Structures are given as structure tokens and as C-alpha cells.
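Structure file input28.csv (CSV, C-alpha atoms) is printed below.
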chain,number,residue,atom,x,y,z
X,226,MET,CA,0.0,0.0,0.0
X,227,SER,CA,1.5,3.3,-1.1
X,228,GLY,CA,0.6,6.6,0.4
X,229,ASN,CA,-2.2,8.7,-1.0
X,230,LEU,CA,-1.8,7.5,-4.6
X,231,ILE,CA,-5.0,7.6,-6.7
X,232,ALA,CA,-5.5,5.6,-9.9
X,233,ILE,CA,-7.9,7.6,-12.2
X,234,LEU,CA,-9.6,5.2,-14.5
X,235,ARG,CA,-11.3,7.7,-16.9
X,236,GLY,CA,-13.2,5.8,-19.6
X,237,VAL,CA,-13.1,2.4,-18.0
X,238,ARG,CA,-16.1,0.1,-18.7
X,239,PRO,CA,-17.9,-2.1,-16.2
X,240,ASP,CA,-17.0,-5.2,-18.2
X,241,GLU,CA,-13.3,-4.5,-17.7
X,242,VAL,CA,-13.2,-2.5,-14.4
X,243,LEU,CA,-12.5,-5.5,-12.1
X,244,GLU,CA,-9.6,-6.7,-14.2
X,245,ILE,CA,-8.1,-3.2,-14.4
X,246,GLY,CA,-8.8,-2.7,-10.7
X,247,ARG,CA,-7.1,-5.9,-9.8
X,248,ALA,CA,-4.0,-4.9,-11.7
X,249,VAL,CA,-3.8,-1.6,-9.9
X,250,VAL,CA,-4.4,-3.0,-6.4
X,251,ASP,CA,-1.9,-5.9,-6.9
X,252,ALA,CA,0.7,-3.3,-7.9
X,253,GLY,CA,0.2,-1.5,-4.6
X,254,ILE,CA,-2.2,1.4,-5.5
X,255,THR,CA,-5.2,1.0,-3.2
X,256,THR,CA,-7.3,4.1,-4.1
X,257,ILE,CA,-9.2,4.0,-7.3
X,258,GLU,CA,-11.3,6.8,-8.8
X,259,VAL,CA,-13.9,6.2,-11.6
X,260,PRO,CA,-14.7,9.6,-13.2
X,261,LEU,CA,-18.4,10.2,-13.9
X,262,ASN,CA,-17.7,10.9,-17.6
X,263,SER,CA,-16.8,7.2,-18.0
X,264,PRO,CA,-19.3,4.7,-19.4
X,265,THR,CA,-22.0,3.8,-16.8
X,266,PRO,CA,-19.6,4.9,-14.0
X,267,LEU,CA,-21.9,4.1,-11.0
X,268,GLU,CA,-22.0,0.5,-12.1
X,269,SER,CA,-18.2,0.4,-12.2
X,270,ILE,CA,-18.0,2.0,-8.7
X,271,THR,CA,-20.4,-0.5,-7.3
X,272,LEU,CA,-18.5,-3.4,-8.8
X,273,LEU,CA,-15.2,-2.2,-7.4
X,274,ALA,CA,-16.7,-1.3,-4.0
X,275,ASN,CA,-18.1,-4.8,-3.6
X,276,GLU,CA,-15.0,-6.5,-4.8
X,277,TYR,CA,-12.5,-4.5,-2.7
X,278,ALA,CA,-14.5,-3.8,0.5
X,279,GLY,CA,-11.9,-3.4,3.2
X,280,ARG,CA,-8.9,-3.7,0.8
X,281,ALA,CA,-9.1,-0.6,-1.3
X,282,ILE,CA,-10.7,2.8,-1.3
X,283,ILE,CA,-13.1,3.3,-4.2
X,284,GLY,CA,-14.4,6.7,-5.3
X,285,ALA,CA,-15.9,8.9,-8.0
X,286,GLY,CA,-14.3,11.6,-10.0
X,287,THR,CA,-15.5,14.6,-12.0
X,288,VAL,CA,-18.3,15.1,-9.4
X,289,LEU,CA,-19.9,18.5,-10.0
X,290,ASN,CA,-23.1,18.7,-8.0
X,291,VAL,CA,-24.7,17.5,-4.8
X,292,ASP,CA,-27.1,15.1,-6.6
X,293,ASP,CA,-24.0,13.3,-8.0
X,294,VAL,CA,-22.4,13.1,-4.6
X,295,ARG,CA,-25.5,11.4,-3.2
X,296,ALA,CA,-25.7,9.0,-6.2
X,297,CYS,CA,-22.0,8.1,-5.8
X,298,ASN,CA,-22.5,7.5,-2.1
X,299,ALA,CA,-25.4,5.1,-2.8
X,300,ALA,CA,-23.2,3.3,-5.3
X,301,GLY,CA,-20.6,2.7,-2.6
X,302,ALA,CA,-18.1,5.5,-3.2
X,303,GLN,CA,-15.9,6.5,-0.3
X,304,ILE,CA,-14.2,9.5,-1.9
X,305,ILE,CA,-15.5,12.3,-4.1
X,306,VAL,CA,-13.0,14.0,-6.4
X,307,SER,CA,-13.9,17.1,-8.4
X,308,PRO,CA,-12.0,19.3,-10.9
X,309,ASN,CA,-13.3,22.4,-9.2
X,310,CYS,CA,-13.9,23.9,-5.7
X,311,ASP,CA,-17.6,23.8,-5.0
X,312,PRO,CA,-18.4,24.3,-1.3
X,313,GLU,CA,-21.8,22.6,-1.5
X,314,VAL,CA,-20.3,19.5,-3.0
X,315,ILE,CA,-17.6,19.5,-0.3
X,316,ALA,CA,-20.1,20.0,2.5
X,317,GLU,CA,-22.4,17.2,1.3
X,318,THR,CA,-19.4,14.8,0.8
X,319,VAL,CA,-18.3,15.5,4.4
X,320,ARG,CA,-21.9,15.2,5.7
X,321,LEU,CA,-22.2,11.7,4.1
X,322,ASP,CA,-18.9,10.7,5.8
X,323,MET,CA,-16.9,10.5,2.6
X,324,THR,CA,-13.6,12.1,1.9
X,325,SER,CA,-13.6,15.2,-0.4
X,326,TYR,CA,-10.8,15.9,-2.9
X,327,PRO,CA,-11.8,19.2,-4.5
X,328,GLY,CA,-9.8,20.7,-7.4
X,329,VAL,CA,-8.0,24.0,-6.6
X,330,ALA,CA,-5.9,26.2,-8.8
X,331,THR,CA,-5.4,29.2,-6.5
X,332,VAL,CA,-4.7,29.8,-2.8
X,333,THR,CA,-8.1,31.5,-2.5
X,334,GLU,CA,-9.8,28.3,-3.8
X,335,ALA,CA,-7.7,26.2,-1.4
X,336,PHE,CA,-8.8,28.2,1.7
X,337,THR,CA,-12.4,28.1,0.4
X,338,ALA,CA,-12.2,24.3,0.2
X,339,ILE,CA,-10.7,24.1,3.7
X,340,ARG,CA,-13.5,26.2,5.1
X,341,ALA,CA,-16.1,23.9,3.5
X,342,GLY,CA,-14.5,20.9,5.2
X,343,ALA,CA,-12.0,19.5,2.8
X,344,ARG,CA,-8.6,18.2,4.2
X,345,ASN,CA,-7.3,16.8,0.9
X,346,LEU,CA,-6.8,19.3,-2.0
X,347,LYS,CA,-6.3,18.3,-5.6
X,348,LEU,CA,-3.8,20.6,-7.2
X,349,PHE,CA,-5.2,20.8,-10.7
X,350,PRO,CA,-4.0,21.0,-13.4
X,351,ALA,CA,-0.6,20.3,-11.8
X,352,SER,CA,1.3,20.6,-15.1
X,353,ALA,CA,0.1,24.2,-15.6
X,354,LEU,CA,0.5,25.3,-11.9
X,355,GLY,CA,4.0,23.8,-11.5
X,356,ILE,CA,6.0,22.5,-8.6
X,357,GLY,CA,6.7,26.1,-7.4
X,358,SER,CA,3.0,26.6,-6.7
X,359,LEU,CA,2.9,23.6,-4.5
X,360,LYS,CA,6.0,24.8,-2.6
X,361,ALA,CA,4.5,28.2,-2.0
X,362,TRP,CA,1.1,26.9,-1.0
X,363,ARG,CA,2.6,24.4,1.4
X,364,GLU,CA,4.1,27.4,3.3
X,365,VAL,CA,0.7,29.0,4.0
X,366,LEU,CA,-1.8,26.2,4.2
X,367,PRO,CA,-2.4,24.3,7.4
X,368,PRO,CA,0.1,21.4,7.8
X,369,ASP,CA,-2.6,18.8,8.2
X,370,VAL,CA,-4.1,19.6,4.8
X,371,ALA,CA,-2.8,17.2,2.1
X,372,LEU,CA,-1.9,18.5,-1.4
X,373,LEU,CA,-2.1,16.1,-4.2
X,374,PRO,CA,-1.0,17.1,-7.7
X,375,VAL,CA,-3.1,15.8,-10.6
X,376,GLY,CA,-2.6,16.3,-14.3
X,377,GLY,CA,0.8,15.6,-15.8
X,378,VAL,CA,2.2,13.6,-12.9
X,379,ASP,CA,4.1,10.4,-13.8
X,380,ALA,CA,6.8,8.1,-12.6
X,381,GLN,CA,9.5,10.5,-13.9
X,382,ASN,CA,8.5,13.6,-12.0
X,383,LEU,CA,6.7,12.2,-9.0
X,384,GLY,CA,9.8,12.4,-6.8
X,385,GLU,CA,10.0,16.2,-7.5
X,386,TRP,CA,6.4,16.7,-6.4
X,387,VAL,CA,7.0,14.7,-3.2
X,388,ARG,CA,10.1,16.7,-2.3
X,389,ALA,CA,8.1,19.9,-2.8
X,390,GLY,CA,5.5,18.7,-0.3
X,391,ALA,CA,3.0,16.5,-2.1
X,392,ALA,CA,1.2,14.0,0.1
X,393,GLY,CA,0.4,11.8,-2.8
X,394,ALA,CA,-0.8,12.2,-6.4
X,395,GLY,CA,-3.5,11.2,-8.9
X,396,PHE,CA,-2.5,9.4,-12.1
X,397,GLY,CA,-4.7,9.6,-15.1
X,398,SER,CA,-3.4,9.0,-18.6
X,399,SER,CA,0.1,8.2,-17.2
X,400,LEU,CA,-1.6,5.0,-15.8
X,401,TYR,CA,-4.8,4.3,-17.6
X,402,LYS,CA,-6.3,5.2,-21.0
X,403,ALA,CA,-9.4,3.6,-22.5
X,404,GLY,CA,-8.4,0.4,-24.3
X,405,ARG,CA,-5.1,-0.1,-22.3
X,406,SER,CA,-4.7,-3.7,-21.2
X,407,ALA,CA,-4.8,-4.7,-17.5
X,408,ALA,CA,-1.2,-6.1,-17.9
X,409,GLU,CA,0.1,-2.7,-19.2
X,410,VAL,CA,-1.8,-0.8,-16.5
X,411,GLY,CA,-0.3,-3.1,-13.8
X,412,GLU,CA,3.2,-2.5,-15.1
X,413,LEU,CA,2.7,1.2,-15.1
X,414,ALA,CA,1.2,1.1,-11.6
X,415,ALA,CA,4.1,-0.8,-10.3
X,416,GLY,CA,6.5,1.8,-11.8
X,417,LEU,CA,4.5,4.6,-10.0
X,418,VAL,CA,4.7,2.7,-6.7
X,419,GLN,CA,8.4,2.2,-7.1
X,420,ALA,CA,8.9,6.0,-7.8
X,421,TRP,CA,6.8,6.8,-4.7
X,422,GLN,CA,8.8,4.5,-2.5
X,423,ALA,CA,12.1,5.9,-3.8
X,424,ALA,CA,10.9,9.4,-3.1
X,425,THR,CA,9.6,8.7,0.4
X,426,SER,CA,12.1,6.2,1.8

Exercise: express the given structure as C-alpha cells:
Amino acid sequence: MSGNLIAILRGVRPDEVLEIGRAVVDAGITTIEVPLNSPTPLESITLLANEYAGRAIIGAGTVLNVDDVRACNAAGAQIIVSPNCDPEVIAETVRLDMTSYPGVATVTEAFTAIRAGARNLKLFPASALGIGSLKAWREVLPPDVALLPVGGVDAQNLGEWVRAGAAGAGFGSSLYKAGRSAAEVGELAAGLVQAWQAATS
């Protein structure tokens, strides 16, 4: 099990999600996000939540409104990840005893998310904001608030993000793309876990 690493399976289908999920979990990444703009995402979330109950954290991504938060909760999601900072989405996530990962691109958004109850912030898009942003934010945000870069993070640059203060990271296309085989996803996941362990040991 490796830190706060999130496998983002955008585009995954229910008929393949358990095989892909198994490859990810076996490699050591035990948090999986199914974005809501994937094919029948709630079905995939339910399949994963049932299969990995007690062994992995399953959640939903690209969650934009309160109704979606409730639907994801009913499907078995434990985390709610958003590309934006919506205080209502954060508050409902917390109320339902799930963990909120709102997307933030400014310090103002970061503090807005914290006031709404978030303790894990998705630095997005990380490739545009840069490692310097994370370093600067880390100096002013509460120490118990985790910052996770998402967007452009891979095995090659993960160590730099960790050294700058990242508490984890989310991996999208650097790990999974629609049509990528479970074997390939497992190999990429193992590489990300190795990069994390090298950066944190």
C-alpha cells in the first residue's frame, strides 16, 4: 500500500473494471477513482466497492453537483473527487462521511475548500500550476491539509512533487487510458509505486 496515490480510470467500462482494478491494487495502489464521464460509472463504482471492500478505497471523480455526490454514495463510493472547488459539493461529501478531494488552482480556492470541510486538495491542473506553486502553498496552508497534484504527474516527475511537499498524487493518462490492457496498467502502476517508494524512503 503506497501513500495517497490515486488511480484515475477515466473511460473504464464495467465489463473490464474489475480486471483493471485488480492490476492496480496488486501493484500497490489502493485508491481507485472512476470519473463520472466514464461509461456507466456508477456500475463500475459498485462493482469495485463490492470486490474490494476493506482492501481498497473506491471513489468517484469529475463530481460536479450535490445530486451526483448522493448517487455516488449510494453506489458505494468512499471518496469524491472534483475538478473544481464547490463548497456545496464538499459539504455534502463530508456530511455523508466520505472524503472530499476538490480541485483547486489558487490559494483562494484552497482556503475556500478548507472552510467547507476539505482536508485533501487536488492541485489541478498540476502541469500548468507547477511545482513552485505547491511549494508556495505548502508554506501558507495548514500542515494537516494534504496537497495532491493531478494532471501531468508520472513516474519520472513524482519524486520532484513529493520533495516539494505533495502528500500523494493522482494518475490519469500516465496510468490508464481507455483500451489499455490490464497487464500494461499493472506494469505502469508498479512503476509509479516504485517511484513513490524511492521518493519517500

Closest atom pairs, residues of region 275-295 of chain X within 10 Å of region 243-251 of chain X, all atoms listed in the file, as JSON lines:
{"residue": "X:Glu276", "atom": "CA", "partner": "X:Leu243", "partner_atom": "CA", "distance": 7.8}
{"residue": "X:Tyr277", "atom": "CA", "partner": "X:Gly246", "partner_atom": "CA", "distance": 9.0}
{"residue": "X:Arg280", "atom": "CA", "partner": "X:Val250", "partner_atom": "CA", "distance": 8.5}
{"residue": "X:Ala281", "atom": "CA", "partner": "X:Val250", "partner_atom": "CA", "distance": 7.3}
{"residue": "X:Ile282", "atom": "CA", "partner": "X:Val250", "partner_atom": "CA", "distance": 10.0}
{"residue": "X:Ile283", "atom": "CA", "partner": "X:Gly246", "partner_atom": "CA", "distance": 9.8}

Give me a file of those residues, with C-alpha atoms, as a PDB file, in the coordinates of the input.
ATOM      1  CA  GLU X 276     -15.000  -6.500  -4.800  1.00  0.00           C
ATOM      2  CA  TYR X 277     -12.500  -4.500  -2.700  1.00  0.00           C
ATOM      3  CA  ARG X 280      -8.900  -3.700   0.800  1.00  0.00           C
ATOM      4  CA  ALA X 281      -9.100  -0.600  -1.300  1.00  0.00           C
ATOM      5  CA  ILE X 282     -10.700   2.800  -1.300  1.00  0.00           C
ATOM      6  CA  ILE X 283     -13.100   3.300  -4.200  1.00  0.00           C
TER       7      ILE X 283
END

Task: Shortest interatomic distance to Leu373 (chain X) - which of X:Gly286, X:Gly253, X:Pro350, X:Gly301, counting all atoms listed in the file - done: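 Closest to Leu373 (chain X) of all the choices is X:Pro350.
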
Task: Between CA of Lys347 (chain X) and CA of Asn309 (chain X) - distance in Å to one decimal - done: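 Distance between the two atoms: 8.9 Å.
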
Task: Ser358 (chain X) surroundings by only C-alpha atoms, 12 Å radius, close-in-sequence under 6 positions cut, as a PyMOL selection string - done: chain X and resi 329-332+335+348-352+364-366+372-374+386+389-391

TODO: Rank X:Ala361, X:Ala316, X:Ala278, X:Val259 by their smallest atom-to-atom distance to Gly342 (chain X), using all atoms listed in the file, and report the top residue only.
DONE: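 Looking only at the distances to Gly342 (chain X), the closest residue turns out to be X:Ala316.
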
Task: Top pick for closest residue to Gln381 (chain X), considering X:Met323, X:Val242, X:Ile356, X:Leu417 and counting all atoms listed in the file - done: X:Leu417

TODO: Write out as a ChimeraX atom specification each polymer residue whose atoms come within 12 Å of Val319 (chain X), counting all atoms listed in the file; drop sequence neighbours fewer than 2 positions from it.
DONE: /X:291,294-295,298,303-305,312-317,321-327,338-345

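The smallest atom-to-atom distance between Trp421 (chain X) and any of X:Ile254, X:Ala302, X:Val237, X:Leu261, using only C-alpha atoms, is found for X:Ile254.
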